[in-house]
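*Asks:* start-v7.txt (compact mmCIF, N, CA and C atoms) pasted underneath:
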# COMPACT_ATOMS: atom_id res chain seq x y z
N MET B 11 0.81 -1.17 0.00
CA MET B 11 0.00 0.00 0.00
C MET B 11 0.86 1.25 0.00
N ALA B 12 1.90 1.23 0.82
CA ALA B 12 2.83 2.36 0.79
C ALA B 12 3.49 2.45 -0.58
N LEU B 13 3.60 1.31 -1.25
CA LEU B 13 4.24 1.30 -2.56
C LEU B 13 3.41 2.07 -3.58
N SER B 14 2.09 1.91 -3.52
CA SER B 14 1.25 2.60 -4.50
C SER B 14 1.02 4.05 -4.13
N LEU B 15 1.04 4.36 -2.84
CA LEU B 15 0.80 5.74 -2.42
C LEU B 15 2.07 6.58 -2.41
N LEU B 16 3.23 5.94 -2.43
CA LEU B 16 4.50 6.65 -2.43
C LEU B 16 5.36 6.15 -3.60
N PRO B 17 4.90 6.36 -4.84
CA PRO B 17 5.66 5.82 -5.99
C PRO B 17 7.04 6.42 -6.13
N GLU B 18 7.27 7.60 -5.55
CA GLU B 18 8.59 8.22 -5.64
C GLU B 18 9.63 7.46 -4.82
N ARG B 19 9.18 6.55 -3.98
CA ARG B 19 10.11 5.79 -3.14
C ARG B 19 10.43 4.44 -3.77
N ASN B 20 10.89 4.48 -4.99
CA ASN B 20 11.34 3.29 -5.70
C ASN B 20 12.80 3.06 -5.32
N CYS B 21 13.06 2.02 -4.57
CA CYS B 21 14.40 1.79 -4.03
C CYS B 21 15.47 1.68 -5.11
N ALA B 22 15.11 1.15 -6.26
CA ALA B 22 16.09 0.95 -7.33
C ALA B 22 16.61 2.26 -7.89
N THR B 23 15.79 3.31 -7.85
CA THR B 23 16.21 4.59 -8.44
C THR B 23 16.32 5.70 -7.40
N CYS B 24 16.11 5.38 -6.14
CA CYS B 24 16.09 6.40 -5.09
C CYS B 24 17.48 6.99 -4.86
N THR B 25 17.54 8.31 -4.81
CA THR B 25 18.78 9.01 -4.51
C THR B 25 18.70 9.71 -3.16
N ARG B 26 17.61 9.43 -2.41
CA ARG B 26 17.38 10.12 -1.14
C ARG B 26 17.30 9.15 0.04
N GLN B 27 18.00 8.03 -0.05
CA GLN B 27 17.88 6.99 0.97
C GLN B 27 18.30 7.46 2.35
N GLU B 28 19.34 8.25 2.44
CA GLU B 28 19.76 8.76 3.74
C GLU B 28 18.71 9.70 4.30
N GLU B 29 18.22 10.59 3.46
CA GLU B 29 17.22 11.57 3.87
C GLU B 29 15.92 10.91 4.34
N TRP B 30 15.51 9.84 3.66
CA TRP B 30 14.24 9.19 3.98
C TRP B 30 14.37 8.05 4.98
N GLY B 31 15.56 7.80 5.49
CA GLY B 31 15.74 6.79 6.53
C GLY B 31 15.62 5.36 6.03
N CYS B 32 16.11 5.11 4.84
CA CYS B 32 15.99 3.78 4.26
C CYS B 32 16.78 2.72 5.04
N HIS B 33 17.78 3.13 5.78
CA HIS B 33 18.58 2.18 6.55
C HIS B 33 18.42 2.40 8.06
N ALA B 34 17.33 3.08 8.43
CA ALA B 34 17.06 3.34 9.85
C ALA B 34 16.69 2.05 10.56
N GLU B 35 17.06 1.98 11.82
CA GLU B 35 16.71 0.83 12.66
C GLU B 35 16.15 1.34 13.97
N GLU B 36 15.04 0.74 14.38
CA GLU B 36 14.44 1.07 15.66
C GLU B 36 15.14 0.24 16.74
N THR B 37 15.55 0.89 17.81
CA THR B 37 16.20 0.17 18.91
C THR B 37 15.15 -0.18 19.96
N SER B 38 15.56 -0.94 20.95
CA SER B 38 14.65 -1.29 22.03
C SER B 38 14.63 -0.22 23.13
N GLU B 39 15.47 0.80 22.97
CA GLU B 39 15.53 1.87 23.96
C GLU B 39 14.33 2.81 23.82
N ASP B 40 13.92 3.37 24.94
CA ASP B 40 12.85 4.38 24.93
C ASP B 40 13.48 5.76 25.03
N HIS B 41 12.97 6.67 24.21
CA HIS B 41 13.42 8.06 24.23
C HIS B 41 12.77 8.75 25.42
N PRO B 42 13.45 9.70 26.06
CA PRO B 42 12.85 10.40 27.21
C PRO B 42 11.51 11.08 26.87
N ASP B 43 11.31 11.43 25.59
CA ASP B 43 10.05 12.06 25.18
C ASP B 43 8.93 11.06 24.96
N GLY B 44 9.21 9.77 25.13
CA GLY B 44 8.17 8.75 25.01
C GLY B 44 8.25 7.88 23.77
N GLY B 45 8.98 8.29 22.74
CA GLY B 45 9.10 7.49 21.53
C GLY B 45 10.25 6.50 21.61
N LYS B 46 10.55 5.89 20.50
CA LYS B 46 11.67 4.96 20.42
C LYS B 46 12.93 5.69 19.96
N VAL B 47 14.07 5.08 20.22
CA VAL B 47 15.35 5.61 19.75
C VAL B 47 15.67 4.91 18.43
N TRP B 48 16.06 5.69 17.43
CA TRP B 48 16.36 5.16 16.10
C TRP B 48 17.83 5.38 15.77
N LEU B 49 18.41 4.41 15.05
CA LEU B 49 19.75 4.55 14.48
C LEU B 49 19.58 4.94 13.01
N ARG B 50 20.33 5.92 12.55
CA ARG B 50 20.27 6.41 11.16
C ARG B 50 18.84 6.77 10.74
N PRO B 51 18.13 7.58 11.54
CA PRO B 51 16.74 7.91 11.20
C PRO B 51 16.63 8.84 10.00
N ALA B 52 15.42 8.94 9.47
CA ALA B 52 15.14 9.89 8.40
C ALA B 52 15.33 11.30 8.94
N TRP B 53 15.56 12.24 8.04
CA TRP B 53 15.74 13.63 8.46
C TRP B 53 14.44 14.18 9.05
N MET B 54 13.31 13.78 8.48
CA MET B 54 11.99 14.17 8.97
C MET B 54 11.13 12.91 9.02
N PRO B 55 10.34 12.73 10.08
CA PRO B 55 9.53 11.51 10.16
C PRO B 55 8.25 11.61 9.32
N LEU B 56 7.70 10.45 9.02
CA LEU B 56 6.36 10.35 8.46
C LEU B 56 5.42 10.08 9.62
N THR B 57 4.20 10.50 9.50
CA THR B 57 3.19 10.15 10.50
C THR B 57 2.27 9.12 9.87
N ILE B 58 2.25 7.93 10.46
CA ILE B 58 1.41 6.84 9.99
C ILE B 58 0.59 6.37 11.17
N ASP B 59 -0.74 6.46 11.04
CA ASP B 59 -1.66 6.10 12.13
C ASP B 59 -1.28 6.81 13.43
N ASN B 60 -1.03 8.10 13.31
CA ASN B 60 -0.70 8.97 14.46
C ASN B 60 0.59 8.55 15.17
N GLU B 61 1.46 7.85 14.48
CA GLU B 61 2.75 7.44 15.05
C GLU B 61 3.86 7.97 14.16
N LEU B 62 4.89 8.54 14.78
CA LEU B 62 6.04 9.03 14.02
C LEU B 62 6.89 7.84 13.57
N VAL B 63 7.16 7.78 12.28
CA VAL B 63 7.97 6.70 11.72
C VAL B 63 9.20 7.34 11.10
N TRP B 64 10.36 6.89 11.56
CA TRP B 64 11.63 7.50 11.16
C TRP B 64 12.37 6.67 10.11
N ARG B 65 11.65 5.81 9.40
CA ARG B 65 12.26 5.06 8.32
C ARG B 65 11.29 4.97 7.15
N CYS B 66 11.81 4.62 6.02
CA CYS B 66 10.99 4.48 4.82
C CYS B 66 9.92 3.42 5.06
N PRO B 67 8.67 3.70 4.65
CA PRO B 67 7.61 2.72 4.87
C PRO B 67 7.78 1.43 4.07
N ARG B 68 8.67 1.42 3.09
CA ARG B 68 8.94 0.19 2.34
C ARG B 68 9.86 -0.76 3.10
N ARG B 69 10.54 -0.27 4.10
CA ARG B 69 11.57 -1.05 4.79
C ARG B 69 11.08 -2.40 5.31
N PRO B 70 9.93 -2.49 5.97
CA PRO B 70 9.50 -3.81 6.45
C PRO B 70 9.34 -4.84 5.34
N LEU B 71 8.89 -4.40 4.17
CA LEU B 71 8.75 -5.32 3.04
C LEU B 71 10.11 -5.82 2.57
N LEU B 72 11.08 -4.93 2.56
CA LEU B 72 12.42 -5.30 2.11
C LEU B 72 13.17 -6.12 3.15
N ASP B 73 12.89 -5.87 4.43
CA ASP B 73 13.59 -6.59 5.49
C ASP B 73 13.17 -8.05 5.59
N ASP B 74 11.88 -8.34 5.32
CA ASP B 74 11.39 -9.71 5.44
C ASP B 74 10.37 -10.01 4.35
N PRO B 75 10.82 -10.08 3.10
CA PRO B 75 9.88 -10.28 2.00
C PRO B 75 9.13 -11.62 2.07
N ALA B 76 9.76 -12.65 2.59
CA ALA B 76 9.10 -13.96 2.66
C ALA B 76 7.88 -13.89 3.60
N TYR B 77 8.03 -13.21 4.72
CA TYR B 77 6.92 -13.06 5.66
C TYR B 77 5.75 -12.35 4.99
N TRP B 78 6.06 -11.24 4.31
CA TRP B 78 4.99 -10.46 3.66
C TRP B 78 4.35 -11.23 2.52
N LYS B 79 5.13 -11.99 1.78
CA LYS B 79 4.58 -12.80 0.70
C LYS B 79 3.60 -13.82 1.26
N ARG B 80 4.00 -14.49 2.34
CA ARG B 80 3.15 -15.49 2.97
C ARG B 80 1.88 -14.85 3.54
N LEU B 81 2.04 -13.72 4.22
CA LEU B 81 0.90 -13.03 4.82
C LEU B 81 -0.09 -12.57 3.74
N LEU B 82 0.41 -11.96 2.68
CA LEU B 82 -0.49 -11.48 1.62
C LEU B 82 -1.11 -12.63 0.83
N PHE B 83 -0.39 -13.75 0.72
CA PHE B 83 -0.97 -14.94 0.09
C PHE B 83 -2.17 -15.42 0.90
N HIS B 84 -2.00 -15.53 2.21
CA HIS B 84 -3.10 -15.99 3.06
C HIS B 84 -4.23 -14.97 3.10
N TYR B 85 -3.90 -13.69 3.01
CA TYR B 85 -4.94 -12.67 2.96
C TYR B 85 -5.76 -12.82 1.67
N SER B 86 -5.10 -13.09 0.56
CA SER B 86 -5.85 -13.25 -0.71
C SER B 86 -6.78 -14.47 -0.62
N LEU B 87 -6.33 -15.54 0.02
CA LEU B 87 -7.20 -16.70 0.22
C LEU B 87 -8.38 -16.34 1.12
N TYR B 88 -8.10 -15.57 2.17
CA TYR B 88 -9.13 -15.13 3.11
C TYR B 88 -10.19 -14.29 2.38
N LYS B 89 -9.74 -13.39 1.50
CA LYS B 89 -10.67 -12.57 0.73
C LYS B 89 -11.57 -13.44 -0.15
N ASP B 90 -11.04 -14.57 -0.61
CA ASP B 90 -11.80 -15.48 -1.45
C ASP B 90 -12.66 -16.45 -0.63
N GLY B 91 -12.68 -16.27 0.69
CA GLY B 91 -13.54 -17.08 1.54
C GLY B 91 -12.89 -18.28 2.20
N HIS B 92 -11.57 -18.39 2.11
CA HIS B 92 -10.87 -19.52 2.72
C HIS B 92 -10.22 -19.07 4.02
N LEU B 93 -10.51 -19.78 5.11
CA LEU B 93 -9.91 -19.45 6.40
C LEU B 93 -8.52 -20.08 6.50
N PRO B 94 -7.61 -19.46 7.26
CA PRO B 94 -6.24 -19.98 7.32
C PRO B 94 -6.10 -21.31 8.06
N ASP B 95 -6.97 -21.56 9.03
CA ASP B 95 -6.90 -22.80 9.81
C ASP B 95 -8.17 -23.62 9.61
N GLU B 96 -8.12 -24.88 10.02
CA GLU B 96 -9.30 -25.72 9.93
C GLU B 96 -10.37 -25.21 10.89
N GLY B 97 -11.62 -25.44 10.54
CA GLY B 97 -12.71 -25.10 11.45
C GLY B 97 -13.39 -23.78 11.09
N ALA B 98 -14.29 -23.40 11.97
CA ALA B 98 -15.08 -22.18 11.78
C ALA B 98 -14.28 -20.94 12.18
N VAL B 99 -14.90 -19.79 12.03
CA VAL B 99 -14.24 -18.52 12.37
C VAL B 99 -13.77 -18.53 13.82
N SER B 100 -14.56 -19.08 14.72
CA SER B 100 -14.18 -19.08 16.14
C SER B 100 -12.95 -19.95 16.41
N SER B 101 -12.58 -20.81 15.48
CA SER B 101 -11.39 -21.65 15.64
C SER B 101 -10.13 -21.00 15.08
N GLN B 102 -10.26 -19.84 14.46
CA GLN B 102 -9.13 -19.19 13.80
C GLN B 102 -8.28 -18.40 14.79
N SER B 103 -7.06 -18.20 14.41
CA SER B 103 -6.14 -17.38 15.20
C SER B 103 -6.63 -15.93 15.22
N PHE B 104 -6.78 -15.38 16.41
CA PHE B 104 -7.22 -13.98 16.52
C PHE B 104 -6.19 -13.06 15.87
N LYS B 105 -4.92 -13.39 16.02
CA LYS B 105 -3.86 -12.57 15.43
C LYS B 105 -3.99 -12.53 13.90
N ALA B 106 -4.23 -13.69 13.29
CA ALA B 106 -4.36 -13.74 11.83
C ALA B 106 -5.57 -12.94 11.38
N LEU B 107 -6.71 -13.13 12.03
CA LEU B 107 -7.91 -12.39 11.64
C LEU B 107 -7.74 -10.89 11.86
N SER B 108 -7.03 -10.51 12.93
CA SER B 108 -6.76 -9.09 13.17
C SER B 108 -5.87 -8.51 12.08
N LEU B 109 -4.83 -9.25 11.69
CA LEU B 109 -3.95 -8.80 10.60
C LEU B 109 -4.73 -8.65 9.30
N PHE B 110 -5.60 -9.61 9.01
CA PHE B 110 -6.41 -9.52 7.79
C PHE B 110 -7.32 -8.30 7.84
N GLY B 111 -7.84 -7.98 9.01
CA GLY B 111 -8.66 -6.78 9.15
C GLY B 111 -7.87 -5.51 8.89
N VAL B 112 -6.66 -5.46 9.42
CA VAL B 112 -5.79 -4.29 9.19
C VAL B 112 -5.44 -4.17 7.72
N ILE B 113 -5.09 -5.28 7.09
CA ILE B 113 -4.75 -5.26 5.66
C ILE B 113 -5.96 -4.83 4.85
N GLY B 114 -7.13 -5.34 5.18
CA GLY B 114 -8.34 -4.97 4.46
C GLY B 114 -8.66 -3.48 4.59
N ASP B 115 -8.54 -2.96 5.82
CA ASP B 115 -8.78 -1.53 6.04
C ASP B 115 -7.78 -0.68 5.27
N ALA B 116 -6.50 -1.06 5.32
CA ALA B 116 -5.47 -0.29 4.62
C ALA B 116 -5.68 -0.35 3.11
N THR B 117 -6.07 -1.52 2.61
CA THR B 117 -6.34 -1.66 1.18
C THR B 117 -7.50 -0.76 0.77
N SER B 118 -8.55 -0.73 1.58
CA SER B 118 -9.70 0.13 1.28
C SER B 118 -9.30 1.60 1.26
N GLU B 119 -8.49 2.00 2.23
CA GLU B 119 -8.02 3.39 2.28
C GLU B 119 -7.20 3.72 1.04
N CYS B 120 -6.33 2.80 0.63
CA CYS B 120 -5.50 3.03 -0.56
C CYS B 120 -6.36 3.14 -1.81
N GLU B 121 -7.33 2.25 -1.93
CA GLU B 121 -8.20 2.28 -3.11
C GLU B 121 -8.99 3.59 -3.15
N GLN B 122 -9.45 4.06 -1.98
CA GLN B 122 -10.18 5.33 -1.93
C GLN B 122 -9.27 6.49 -2.29
N ASP B 123 -8.04 6.46 -1.79
CA ASP B 123 -7.09 7.52 -2.12
C ASP B 123 -6.78 7.53 -3.61
N LYS B 124 -6.59 6.35 -4.19
CA LYS B 124 -6.32 6.27 -5.63
C LYS B 124 -7.52 6.79 -6.43
N ALA B 125 -8.73 6.46 -6.00
CA ALA B 125 -9.93 6.94 -6.70
C ALA B 125 -10.04 8.46 -6.58
N ASP B 126 -9.73 9.00 -5.39
CA ASP B 126 -9.76 10.46 -5.20
C ASP B 126 -8.74 11.15 -6.09
N ARG B 127 -7.54 10.58 -6.18
CA ARG B 127 -6.51 11.17 -7.04
C ARG B 127 -6.92 11.14 -8.51
N ALA B 128 -7.52 10.04 -8.94
CA ALA B 128 -7.98 9.92 -10.32
C ALA B 128 -9.08 10.93 -10.61
N ALA B 129 -10.00 11.12 -9.65
CA ALA B 129 -11.08 12.10 -9.83
C ALA B 129 -10.52 13.52 -9.92
N GLU B 130 -9.52 13.82 -9.07
CA GLU B 130 -8.89 15.15 -9.11
C GLU B 130 -8.19 15.36 -10.45
N LYS B 131 -7.53 14.33 -10.95
CA LYS B 131 -6.83 14.44 -12.23
C LYS B 131 -7.83 14.67 -13.36
N ARG B 132 -8.96 13.94 -13.34
CA ARG B 132 -9.99 14.13 -14.37
C ARG B 132 -10.57 15.54 -14.29
N ALA B 133 -10.77 16.05 -13.08
CA ALA B 133 -11.35 17.39 -12.91
C ALA B 133 -10.39 18.45 -13.43
N ARG B 134 -9.09 18.28 -13.23
CA ARG B 134 -8.09 19.24 -13.71
C ARG B 134 -8.01 19.24 -15.23
N SER B 135 -8.23 18.08 -15.84
CA SER B 135 -8.06 17.98 -17.28
C SER B 135 -9.29 18.45 -18.06
N GLN B 136 -10.36 18.76 -17.36
CA GLN B 136 -11.58 19.23 -18.04
C GLN B 136 -11.59 20.71 -18.23
Let me see the structure of the file written as structure tokens.
*Replies:*
Amino acid sequence: MALSLLPERNCATCTRQEEWGCHAEETSEDHPDGGKVWLRPAWMPLTIDNELVWRCPRRPLLDDPAYWKRLLFHYSLYKDGHLPDEGAVSSQSFKALSLFGVIGDATSECEQDKADRAAEKRARSQ
């Protein structure tokens, strides 16, 4: 989702990796102001879900692509009506169903944002 909403953050052609915190790492330390301590943070944070993020939003995908591939594969099956575990909904992992809910909500937000951008573009071209 961050990939479609932030197309300028194409890692292969990016010349602003230091500025955008592409190699930032969150430590386990707590900052006196209440946030986390980051190594090599972005020059300016992004705000995602009211949380300051000091690294490129693509980083989690790049750090563990196999996890994301597996998660999104199971989400696509879930969207098609297949549950990840045997049994009824009450037998499913709450964590998995919660993740699918978050992915679904984020996907809906992205689709709405893309539709809004397309409508704005059509309005400008008229």
*Asks:* May I ask for the distance between atom N of Leu56 of chain B and atom C of Trp30 of chain B, given in Å to one decimal place?
*Replies:* 8.2 Å
*Asks:* Closest to Tyr85 of chain B among B:Phe110, B:Trp53, B:Trp64, B:Trp48, using only N, CA and C atoms?
*Replies:*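 Result for the nearest residue to Tyr85 of chain B: B:Phe110.
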*Asks:* Hey, what does DSSP flag as strand (DSSP E or B) within chain B? Can you give it to me as a PDB file with N, CA and C atoms, in the coordinates of the input?
*Replies:*
ATOM      1  N   GLU B  35      17.060   1.980  11.820  1.00  0.00           N
ATOM      2  CA  GLU B  35      16.710   0.830  12.660  1.00  0.00           C
ATOM      3  C   GLU B  35      16.150   1.340  13.970  1.00  0.00           C
ATOM      4  N   GLU B  36      15.040   0.740  14.380  1.00  0.00           N
ATOM      5  CA  GLU B  36      14.440   1.070  15.660  1.00  0.00           C
ATOM      6  C   GLU B  36      15.140   0.240  16.740  1.00  0.00           C
ATOM      7  N   THR B  37      15.550   0.890  17.810  1.00  0.00           N
ATOM      8  CA  THR B  37      16.200   0.170  18.910  1.00  0.00           C
ATOM      9  C   THR B  37      15.150  -0.180  19.960  1.00  0.00           C
ATOM     10  N   SER B  38      15.560  -0.940  20.950  1.00  0.00           N
ATOM     11  CA  SER B  38      14.650  -1.290  22.030  1.00  0.00           C
ATOM     12  C   SER B  38      14.630  -0.220  23.130  1.00  0.00           C
ATOM     13  N   GLU B  39      15.470   0.800  22.970  1.00  0.00           N
ATOM     14  CA  GLU B  39      15.530   1.870  23.960  1.00  0.00           C
ATOM     15  C   GLU B  39      14.330   2.810  23.820  1.00  0.00           C
ATOM     16  N   ASP B  40      13.920   3.370  24.940  1.00  0.00           N
ATOM     17  CA  ASP B  40      12.850   4.380  24.930  1.00  0.00           C
ATOM     18  C   ASP B  40      13.480   5.760  25.030  1.00  0.00           C
ATOM     19  N   LYS B  46      10.550   5.890  20.500  1.00  0.00           N
ATOM     20  CA  LYS B  46      11.670   4.960  20.420  1.00  0.00           C
ATOM     21  C   LYS B  46      12.930   5.690  19.960  1.00  0.00           C
ATOM     22  N   VAL B  47      14.070   5.080  20.220  1.00  0.00           N
ATOM     23  CA  VAL B  47      15.350   5.610  19.750  1.00  0.00           C
ATOM     24  C   VAL B  47      15.670   4.910  18.430  1.00  0.00           C
ATOM     25  N   TRP B  48      16.060   5.690  17.430  1.00  0.00           N
ATOM     26  CA  TRP B  48      16.360   5.160  16.100  1.00  0.00           C
ATOM     27  C   TRP B  48      17.830   5.380  15.770  1.00  0.00           C
ATOM     28  N   LEU B  49      18.410   4.410  15.050  1.00  0.00           N
ATOM     29  CA  LEU B  49      19.750   4.550  14.480  1.00  0.00           C
ATOM     30  C   LEU B  49      19.580   4.940  13.010  1.00  0.00           C
ATOM     31  N   LEU B  56       7.700  10.450   9.020  1.00  0.00           N
ATOM     32  CA  LEU B  56       6.360  10.350   8.460  1.00  0.00           C
ATOM     33  C   LEU B  56       5.420  10.080   9.620  1.00  0.00           C
ATOM     34  N   THR B  57       4.200  10.500   9.500  1.00  0.00           N
ATOM     35  CA  THR B  57       3.190  10.150  10.500  1.00  0.00           C
ATOM     36  C   THR B  57       2.270   9.120   9.870  1.00  0.00           C
ATOM     37  N   ILE B  58       2.250   7.930  10.460  1.00  0.00           N
ATOM     38  CA  ILE B  58       1.410   6.840   9.990  1.00  0.00           C
ATOM     39  C   ILE B  58       0.590   6.370  11.170  1.00  0.00           C
ATOM     40  N   GLU B  61       1.460   7.850  14.480  1.00  0.00           N
ATOM     41  CA  GLU B  61       2.750   7.440  15.050  1.00  0.00           C
ATOM     42  C   GLU B  61       3.860   7.970  14.160  1.00  0.00           C
ATOM     43  N   LEU B  62       4.890   8.540  14.780  1.00  0.00           N
ATOM     44  CA  LEU B  62       6.040   9.030  14.020  1.00  0.00           C
ATOM     45  C   LEU B  62       6.890   7.840  13.570  1.00  0.00           C
ATOM     46  N   VAL B  63       7.160   7.780  12.280  1.00  0.00           N
ATOM     47  CA  VAL B  63       7.970   6.700  11.720  1.00  0.00           C
ATOM     48  C   VAL B  63       9.200   7.340  11.100  1.00  0.00           C
TER      49      VAL B  63
END
*Asks:* What's the 7 Å shell around segment 94-107 of chain B, counting all atoms listed in the file, without same-chain residues fewer than 6 positions away, as a PyMOL selection string?
*Replies:* chain B and resi 84+87-88
*Asks:* Report the centre and edge lengths, in Å to one decimal, of an axis-aligned box enclosing every atom of segment 27-35 of chain B listed in the file, padded by 4 Å on each side, as AutoDock Vina command-line options.
*Replies:*
--center_x 17.0 --center_y 6.2 --center_z 7.0 --size_x 13.5 --size_y 18.7 --size_z 22.0
*Asks:* Using all atoms listed in the file, which of the listed residues (B:Ala129, B:Cys66, B:Leu49, B:Ile58) sits closest to Gln27 of chain B?
*Replies:*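 Distance minimum relative to Gln27 of chain B lands on B:Cys66.
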*Asks:* Could you tell me which of B:Leu62, B:Leu72, B:Ala34, B:Leu93 comes closest to Arg50 of chain B if we count only N, CA and C atoms?
*Replies:*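 Closest candidate: B:Ala34.
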*Asks:* Rounded to one decimal place, report the atom CA of Pro75 of chain B-atom CA of His41 of chain B distance in Å.
*Replies:*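 Straight-line distance from atom CA of Pro75 of chain B to atom CA of His41 of chain B works out to 29.0 Å.
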*Asks:* Which value, in Å to one decimal, gives the distance between atom C of Asp59 of chain B and atom CA of Ala116 of chain B?
*Replies:* 12.1 Å
*Asks:* What lies within 9 Å of Val47 of chain B using only C-alpha atoms, ignoring chain neighbours under 2 positions off, as a PyMOL selection string?
*Replies:* chain B and resi 35-41+45+49+51
*Asks:* Closest to Arg69 of chain B among B:His92, B:His33, B:Arg26, B:Arg132, using only N, CA and C atoms?
*Replies:*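 Smallest separation from Arg69 of chain B among the options: B:His33.
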